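Input: a single structure, listed below in structure tokens.
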Amino acid sequence: MHSNQYAITEVKEIISAEGNIVKESNISTLLTDSRRINNAAEGLFFALSARRNGHEFIAEAYAAGVRNFVVKHGPEFNMPGANFLLVNDPLVALQTLAAYHRSQFKLQVIGITGSNGKTIVKEWLYQLLAADKNIVRNPKSYNSQIGVPLSVWQINSRNDLGIFEAGISTINEMEKLQSIVKPEIGILTHIGPAHDEGFDSRKQKVLEKLQLFKNSKLLIYNYDQLLDYQKDIPVKETFTWSRKFKVADLYVFSETVISKKYYLRAYYKKKEIECLIPFSDLASIENAITCWATMLAMGYSPAEADKRIERLVPVSMRLELKNGINNCSVIDDSYNSDLQSLEIALNFLGQQNQHQKKTLILSDILQSGLQLDVLYCQVANLIGTQSIDKFIGVGEALISNQTCFNLPEQYFFKDTPALLQQLKALNFKEETILIKGSRRFEFERISNALTQKAHETILEINLNTLLSNLNFYRSKLKPGVKVMAMVKAFSYGSGTFEVANMLQYNKVDYLAVAYIDEGVALRQAGINLPIMVLNPEASAFDKLVENKLEPVIYSFGLLDDFVIYTQDRAIQNYPVHLKIDTGMHRLGFENLDIETLCDMLEQNRYIRVQSVFSHLVASEAAQHDEFTKKQIKRFEKAFKEIEKTLGYKVIKHLSNTSGITRWPSAHYDMVRLGIGLYGVDSAVPASDGALMPIASLKTSVAQVKKIGAGETISYSRSGSLAKDGKIATVRIGYADGYLRAFGNGVGKMMIKGTLVPTVGNITMDMCMLDVSGLDVSEGDEVIVFDEQYRIEELARQIGTIPYEILTNVSQRVKRVYFYE
């Protein structure tokens with residue numbers, strides 16, 4: 001994050017650090033992630049320990065060129081030319097530095113908090129106010145204890161308005177953020193159940209959020225939500241809005257839908273005013289009213305506020321990773337373009353290893369507040385830190401400043417139509433393409449042209465949730481315990497390289513696949529992590545060795561086959577994994593086999609045992625805990641004998657997903673994380689909110705029909721309605737993985753917030769839903785499962801397990817990956 005420069009000696013004083021400055025340098029960039037090093041020469045790396053100990057990554061940051069570090073009191077680091085500032089808590093130091101930087105500027109600041117809508121309100125206010133103000137704001141949803149200081153660090157002398165959102169998950173967090181943001185104007189968005197688990201009560205959460213405004217001059221909020229908190233509001237001057245009470249400053253008394261837009265009428269200063277919102281969903285309406293109230297509170301006329309709000313455009317908060325034409329991958333971030341979000345998008349591009357070639361399509365960056373030559377030199381420097389092979393610039397400003405860029409392949413076009421005309425000539429093939437554009441350039445047209453056309457039924461996979469689930473399980477482990485992630489069966493239906501890239505970037509230690517071909521596909525996609533193959537086949541040993549995959553040896557026959565294979569090719573010390581059967585009785589050496597196994601392993605120079613492992617049968621079930629204890633004892637007996645024979649230590653792993661949470665004594669050297677990574681763990685109640693499903697399966701309505709009582713529906717005349725009604729035919733069937741067992745009312749889907757049952761048999765490509773009494777139209781979205789209507793409920797409906805539902809989603813269903 002670029003900003004004004006500070007001398008390292010000045011930084012040392014600001015954060016009250018100890019340590020010697022061995023070389024004077026200027027600091028303009030704050031770094032917290034060794035994988036995302038930008039402007040290393042002027043970077044200051046904070047060794048944070050939010051999830052993993054940041055001190056473990058200092059060497060990596062040093063190797064990337066960083067020479068300034070803020071670390072916790074501890075041993076000296078032997079790194080020539082580096083400055084180490086010693087503090088008690090690097091996070092506090094980061095926040096202190098950001099608070100100091102904020103204090104150097106007298107710009108007006110709006111602070112936003114709430115449970116939902118913070119980021120949307122922030123981005124919409126940016127759209128509404130950017131014509132009059134030079135605005136600095138959080139990139140995306142950088143609203144945490146780390147994200148807020150990084151956001152505030154962006155403030156420079158050209159800014160006259162800051163809009164910063166602040167999010168909290170427990171008590172005693174907001175005061176720290178308040179001291180950094182120091183908002184003059186406060187906005188409280190919708191209060192809902194998000195993060196309730198971090199507080200004793202909803203009231204405690206609301207009072208904590210209100211701490212952001214304790215020194216604000218004005219607070220804007222929904223009067224209906226804070227009825228019970230009037231005495232707790234820390235701000236004397238308020239601007240309220242309401243849909244129920246006339247005492248509010250903005251009283252919305254009429255709401256009507258006109259051509260999918262929302263028409264509001266309200267009383268303001270005893271006069272009737274109006275506003276047309278270009279959205280009709282409930283969340284957008286509430287967020288837009290908050291923006292309306294904010295504009296009025298800031299002195300805009302009702303007519304001007306209405307004019308600007310009517311032009312609001314949707315905010316895309318997430319990057320989308322999709323399959324493209326000619327075996328390309330397309331990262332679609334075509335709705336906003338600024339330096340900060342470009343850095344985030346380039347970082348995500350850098351995580352992708354499935355294609356060697358990386359391409360960036362970028363539009364002019366608007367409203368940056370910088371001189372154009374300065375801006376595009378910064379853009380060129382940022383791009384230069386990434387391995388971009390092809391650069392395509394669109395817009396007059398990029399054409400005028402093209403001398404800033406020096407990439408292997410680069411092309412410039414005056415506008416989007418000019419690029420679309422030449423799209424075929426650019427010969428996109430087997431490359432990862434990042435599309436990054438300001439909204440007015442309509443880069444969605446480029447995305448549509450480059451994206452593979454597919455079935456309208458979509459499995460959306462949230463990679464941020466995947467990471468959150470990974471970190472949840474990591475938090476259960478002692479330092480040094482490794483993580484093996486199970487990505488077999490197309491990552492439980494969630495995708496191969498897309499998921500594996502995320503796991504590799506976030507430094508899991510091992511991947512596991514079921515078959516050699518799955519491992520080969522990962523290698524071809526640029527995955528270089530160690531990969532264990534659970535079911536290796538002797539006929540494919542060549543591919544296994546060629547791709548440096550590590551086989552599981554579970555029988556004497558397989559052991560013989562592999563030893564002979566390595567012996568014939570003079571291969572020595574090839575890594576293998578030994579599977580012990582402690583009670584699953586599926587694959588593996590049983591206890592009575594161990595002595596013979598040890599005899600075969602003794603002085604065997606062709607293989608090297610990388611790990612010994614077994615599989616818990618019922619780690620999630622308390623009623624089987626005694627059996628689990630027997631498995632643990634059998635496993636310990638087996639690996640101790642094997643290690644004694646080998647004369648060296650091996651990696652021991654026993655715990656599966658539920659074993660991680662319920663059996664900490666059985667973590668050993670590594671754990672195997674399976675379905676929990678994807679958000680499902682029967683040992684972790686869904687109500688806890690600790691895990692979230694990463695996948696949402698969505699389809700759409702193809703047709704709506706009126707059906708008379710008793711008329712039959714679907715094959716075999718199996719369905720009917722008890723009285724006159726309507727059915728919606730939706731674009732999903734058993735060929736997509738929606739099993740026939742869901743037919744005839746067993747399964748339900750969500751349309752417009754209402755669960756509706758299936759009618760009749762599920763067909764190959766379609767099924768029918770009873771939507772009697774609902775306002776449903778062709779094209780409406782239908783949710784098969786998501787984070788609210790969870791996959792566990794579908795499994796319960798047909799008496800199966802979530803694994804089966806997830807892995808049954810067929811490959812013809814389009815996968816779209818989201819990343820914030």
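By order of appearance in the structure tokens: chains A, B, ..., then residues from 1 within every chain, and ligands from 1 in the order shown.
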**Message:** What parts of range 521-765 of chain A does DSSP call strand (DSSP E or B)? I'd like the answer as a ChimeraX atom specification.
**Reply:** /A:531-533,550-553,574-580,589,607-613,651-653,670-673,695-707,712-713,719-720,725-730,748-751,754-759
**Request:** Extract, using only C-alpha atoms, all DNA, RNA and protein residues at most 9 Å from Glu820 in chain A, discarding same-chain residues fewer than 5 positions from it, and format them as number ranges by chain.
**Result:** A: 140-141, 317-319, 344-345, 462-464
Report as a compact mmCIF listing (two decimals) with N, CA, C and O atoms, in the first residue's frame all protein, DNA and RNA residues lying within 10 Å of range 650-666 of chain A, evaluated on only C-alpha atoms, omitting residues in the same chain fewer than 4 positions from it.
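Everything below was put into part09.txt:
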# COMPACT_ATOMS: atom_id res chain seq x y z
N PHE A 472 -9.30 -22.41 10.47
CA PHE A 472 -10.01 -22.93 11.64
C PHE A 472 -9.33 -24.21 12.14
O PHE A 472 -9.07 -24.37 13.34
N TYR A 473 -9.03 -25.12 11.22
CA TYR A 473 -8.39 -26.38 11.64
C TYR A 473 -6.95 -26.16 12.07
O TYR A 473 -6.47 -26.81 13.01
N ARG A 474 -6.27 -25.25 11.39
CA ARG A 474 -4.89 -24.95 11.81
C ARG A 474 -4.86 -24.43 13.24
O ARG A 474 -3.91 -24.68 13.99
N SER A 475 -5.90 -23.69 13.63
CA SER A 475 -5.93 -23.13 14.99
C SER A 475 -6.04 -24.23 16.04
O SER A 475 -5.78 -23.98 17.22
N LYS A 476 -6.41 -25.44 15.65
CA LYS A 476 -6.54 -26.56 16.58
C LYS A 476 -5.24 -27.32 16.76
O LYS A 476 -5.16 -28.23 17.60
N LEU A 477 -4.22 -26.99 15.96
CA LEU A 477 -2.99 -27.78 15.95
C LEU A 477 -1.90 -27.12 16.77
O LEU A 477 -1.81 -25.90 16.86
N LYS A 478 -1.05 -27.94 17.33
CA LYS A 478 0.14 -27.44 18.00
C LYS A 478 1.16 -27.01 16.95
O LYS A 478 1.15 -27.52 15.82
N VAL A 481 2.81 -29.18 13.67
CA VAL A 481 1.98 -30.25 13.10
C VAL A 481 1.62 -29.87 11.67
O VAL A 481 1.10 -28.79 11.40
N LYS A 482 1.91 -30.77 10.74
CA LYS A 482 1.69 -30.51 9.33
C LYS A 482 0.23 -30.75 8.95
O LYS A 482 -0.50 -31.44 9.67
N VAL A 483 -0.16 -30.21 7.79
CA VAL A 483 -1.51 -30.40 7.26
C VAL A 483 -1.42 -31.04 5.88
O VAL A 483 -0.74 -30.52 4.99
N MET A 484 -2.09 -32.18 5.74
CA MET A 484 -2.29 -32.80 4.43
C MET A 484 -3.73 -32.53 4.03
O MET A 484 -4.66 -32.84 4.77
N ALA A 485 -3.93 -31.92 2.86
CA ALA A 485 -5.27 -31.62 2.37
C ALA A 485 -5.69 -32.66 1.36
O ALA A 485 -4.95 -32.97 0.42
N MET A 486 -6.89 -33.19 1.55
CA MET A 486 -7.42 -34.20 0.64
C MET A 486 -8.09 -33.49 -0.54
O MET A 486 -9.05 -32.74 -0.37
N HIS A 577 4.44 -44.18 1.40
CA HIS A 577 3.65 -44.04 2.62
C HIS A 577 3.02 -45.38 2.96
O HIS A 577 2.41 -46.02 2.08
N LEU A 578 3.18 -45.82 4.18
CA LEU A 578 2.65 -47.12 4.60
C LEU A 578 1.31 -46.94 5.29
O LEU A 578 1.19 -46.15 6.25
N LYS A 579 0.32 -47.70 4.83
CA LYS A 579 -1.01 -47.61 5.44
C LYS A 579 -1.23 -48.81 6.35
O LYS A 579 -1.08 -49.96 5.93
N ILE A 580 -1.64 -48.49 7.59
CA ILE A 580 -1.91 -49.53 8.59
C ILE A 580 -3.41 -49.62 8.80
O ILE A 580 -4.08 -48.59 8.98
N ARG A 608 12.09 -45.29 0.57
CA ARG A 608 12.24 -44.63 1.87
C ARG A 608 10.83 -44.33 2.40
O ARG A 608 10.03 -43.72 1.69
N VAL A 609 10.56 -44.77 3.60
CA VAL A 609 9.24 -44.56 4.18
C VAL A 609 9.10 -43.10 4.61
O VAL A 609 9.80 -42.64 5.52
N GLN A 610 8.24 -42.39 3.92
CA GLN A 610 8.00 -40.98 4.23
C GLN A 610 7.04 -40.84 5.41
O GLN A 610 7.22 -39.97 6.26
N SER A 611 6.01 -41.68 5.41
CA SER A 611 5.05 -41.61 6.52
C SER A 611 4.42 -42.96 6.77
O SER A 611 4.40 -43.84 5.90
N VAL A 612 3.91 -43.10 7.98
CA VAL A 612 3.09 -44.24 8.38
C VAL A 612 1.77 -43.66 8.85
O VAL A 612 1.74 -42.70 9.65
N PHE A 613 0.65 -44.22 8.36
CA PHE A 613 -0.63 -43.63 8.74
C PHE A 613 -1.73 -44.68 8.82
O PHE A 613 -1.57 -45.83 8.36
N SER A 614 -2.81 -44.29 9.43
CA SER A 614 -4.01 -45.12 9.49
C SER A 614 -5.22 -44.20 9.42
O SER A 614 -5.07 -42.97 9.34
N HIS A 615 -6.40 -44.80 9.43
CA HIS A 615 -7.62 -44.02 9.24
C HIS A 615 -8.61 -44.32 10.36
O HIS A 615 -8.94 -45.48 10.61
N LEU A 616 -9.06 -43.25 11.03
CA LEU A 616 -10.04 -43.42 12.10
C LEU A 616 -11.41 -43.71 11.50
O LEU A 616 -11.84 -43.08 10.54
N VAL A 617 -12.10 -44.65 12.10
CA VAL A 617 -13.37 -45.13 11.57
C VAL A 617 -14.53 -44.22 11.97
O VAL A 617 -15.42 -43.94 11.16
N ALA A 618 -14.54 -43.76 13.22
CA ALA A 618 -15.69 -43.02 13.74
C ALA A 618 -15.23 -41.92 14.69
O ALA A 618 -15.74 -41.78 15.79
N SER A 619 -14.29 -41.12 14.23
CA SER A 619 -13.72 -40.09 15.11
C SER A 619 -14.74 -39.04 15.52
O SER A 619 -14.57 -38.36 16.52
N GLU A 620 -15.83 -38.91 14.73
CA GLU A 620 -16.83 -37.89 15.02
C GLU A 620 -17.86 -38.34 16.05
O GLU A 620 -18.62 -37.52 16.58
N ALA A 621 -17.91 -39.64 16.35
CA ALA A 621 -19.03 -40.19 17.13
C ALA A 621 -18.61 -40.56 18.55
O ALA A 621 -17.78 -41.46 18.75
N ALA A 622 -19.20 -39.90 19.53
CA ALA A 622 -18.86 -40.15 20.93
C ALA A 622 -19.14 -41.59 21.33
O ALA A 622 -18.42 -42.17 22.16
N ASP A 625 -16.09 -43.83 20.91
CA ASP A 625 -14.80 -43.33 21.41
C ASP A 625 -13.89 -44.44 21.93
O ASP A 625 -12.66 -44.36 21.78
N THR A 628 -12.17 -45.83 19.01
CA THR A 628 -11.15 -44.91 18.53
C THR A 628 -9.88 -45.03 19.37
O THR A 628 -8.76 -45.02 18.84
N LYS A 629 -10.04 -45.16 20.67
CA LYS A 629 -8.88 -45.33 21.56
C LYS A 629 -8.12 -46.61 21.22
O LYS A 629 -6.88 -46.65 21.24
N GLN A 631 -7.98 -47.94 18.23
CA GLN A 631 -7.28 -47.65 16.98
C GLN A 631 -5.98 -46.89 17.25
O GLN A 631 -4.95 -47.18 16.64
N ILE A 632 -6.04 -45.93 18.15
CA ILE A 632 -4.86 -45.14 18.48
C ILE A 632 -3.76 -46.04 19.04
O ILE A 632 -2.58 -45.93 18.66
N PHE A 635 -2.27 -48.19 16.30
CA PHE A 635 -1.43 -47.37 15.43
C PHE A 635 -0.08 -47.10 16.07
O PHE A 635 0.97 -47.23 15.43
N GLU A 636 -0.09 -46.74 17.35
CA GLU A 636 1.17 -46.44 18.03
C GLU A 636 2.07 -47.67 18.09
O GLU A 636 3.29 -47.57 17.88
N PHE A 639 3.56 -48.10 14.40
CA PHE A 639 4.59 -47.17 13.91
C PHE A 639 5.85 -47.25 14.75
O PHE A 639 6.95 -47.00 14.24
N LYS A 640 5.73 -47.60 16.02
CA LYS A 640 6.94 -47.72 16.85
C LYS A 640 7.81 -48.88 16.37
O LYS A 640 9.05 -48.76 16.29
N ILE A 642 7.84 -50.07 13.31
CA ILE A 642 8.36 -49.72 11.99
C ILE A 642 9.53 -48.75 12.12
O ILE A 642 10.58 -48.93 11.47
N GLU A 643 9.40 -47.74 12.95
CA GLU A 643 10.49 -46.78 13.14
C GLU A 643 11.73 -47.45 13.72
O GLU A 643 12.86 -47.13 13.34
N LEU A 646 13.38 -49.24 10.84
CA LEU A 646 13.95 -48.33 9.85
C LEU A 646 15.18 -47.61 10.38
O LEU A 646 16.10 -47.28 9.63
N MET A 670 1.23 -35.00 11.62
CA MET A 670 0.45 -34.43 10.52
C MET A 670 -1.00 -34.87 10.67
O MET A 670 -1.29 -35.91 11.24
N VAL A 671 -1.92 -34.03 10.17
CA VAL A 671 -3.34 -34.40 10.12
C VAL A 671 -3.80 -34.35 8.67
O VAL A 671 -3.21 -33.66 7.84
N ARG A 672 -4.86 -35.09 8.39
CA ARG A 672 -5.41 -35.12 7.03
C ARG A 672 -6.76 -34.42 7.05
O ARG A 672 -7.72 -34.90 7.66
N LEU A 673 -6.82 -33.30 6.35
CA LEU A 673 -8.03 -32.49 6.34
C LEU A 673 -8.83 -32.78 5.08
O LEU A 673 -8.36 -32.56 3.97
N GLY A 674 -10.02 -33.31 5.26
CA GLY A 674 -10.85 -33.69 4.13
C GLY A 674 -12.06 -32.79 3.96
O GLY A 674 -11.94 -31.60 3.68
N ILE A 675 -13.25 -33.35 4.20
CA ILE A 675 -14.49 -32.62 3.93
C ILE A 675 -14.63 -31.36 4.77
O ILE A 675 -15.32 -30.42 4.39
N GLY A 676 -13.93 -31.30 5.90
CA GLY A 676 -13.98 -30.10 6.73
C GLY A 676 -13.45 -28.88 6.01
O GLY A 676 -13.90 -27.75 6.23
N LEU A 677 -12.49 -29.10 5.12
CA LEU A 677 -11.94 -28.00 4.32
C LEU A 677 -13.03 -27.37 3.47
O LEU A 677 -13.01 -26.18 3.18
N VAL A 680 -17.82 -28.91 5.89
CA VAL A 680 -18.72 -29.90 6.50
C VAL A 680 -17.94 -30.74 7.50
O VAL A 680 -16.92 -31.34 7.16
N ASP A 681 -18.41 -30.75 8.75
CA ASP A 681 -17.78 -31.56 9.79
C ASP A 681 -18.85 -31.85 10.83
O ASP A 681 -19.30 -30.95 11.54
N SER A 682 -19.27 -33.09 10.94
CA SER A 682 -20.34 -33.44 11.87
C SER A 682 -19.93 -33.22 13.32
O SER A 682 -20.78 -33.17 14.21
N ALA A 683 -18.63 -33.09 13.57
CA ALA A 683 -18.16 -32.82 14.94
C ALA A 683 -18.19 -31.33 15.28
O ALA A 683 -17.94 -30.95 16.42
N VAL A 684 -18.48 -30.48 14.30
CA VAL A 684 -18.56 -29.03 14.53
C VAL A 684 -19.97 -28.58 14.18
O VAL A 684 -20.33 -28.54 13.01
**Request:** Just the residues within 6 Å of range 61-70 of chain A, please, counting only C-alpha atoms, with nothing from its chain fewer than 4 positions along; format it as a list in words.
**Result:** Ser34, Ala40, Leu44, Phe45, Phe46, Ala82, Asn83, Phe84 and Leu85 of chain A
**Message:** Excluding Phe245 in chain A and its own-chain neighbours fewer than 5 positions away, which residues fall within 8 Å of it when counting only C-alpha atoms? Please give them as a ChimeraX atom specification.
**Reply:** /A:223-224,251
**Item:** Selection near Ile220 in chain A, 8 Å with only C-alpha atoms, sequence-local residues under 2 positions removed, as a PyMOL selection string
**Value:** chain A and resi 185-188+218+222+238-241+290+293-294+297
**Request:** Tell me, as an MDAnalysis selection string, which residues lie within 10 Å of range 436-452 of chain A, counting only C-alpha atoms; anything in the same chain fewer than 4 positions away does not count.
**Result:** chainID A and resid 313:315 319 321:338 341:342 345:346 360:366 393:395 415:417 419:420 423:424 428 814
**Item:** Sel. of alpha helix (DSSP H) residues, range 505-555 of chain A, as JSON, numbers by chain
**Value:** {"A": [505, 516, 517, 518, 519, 520, 521, 522, 523, 524, 541, 542, 543, 544, 545, 546]}
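Closest to Glu255 in chain A among A:Thr496, A:Ser280, A:Gln340, A:Gln95 is A:Ser280, based on only C-alpha atoms.
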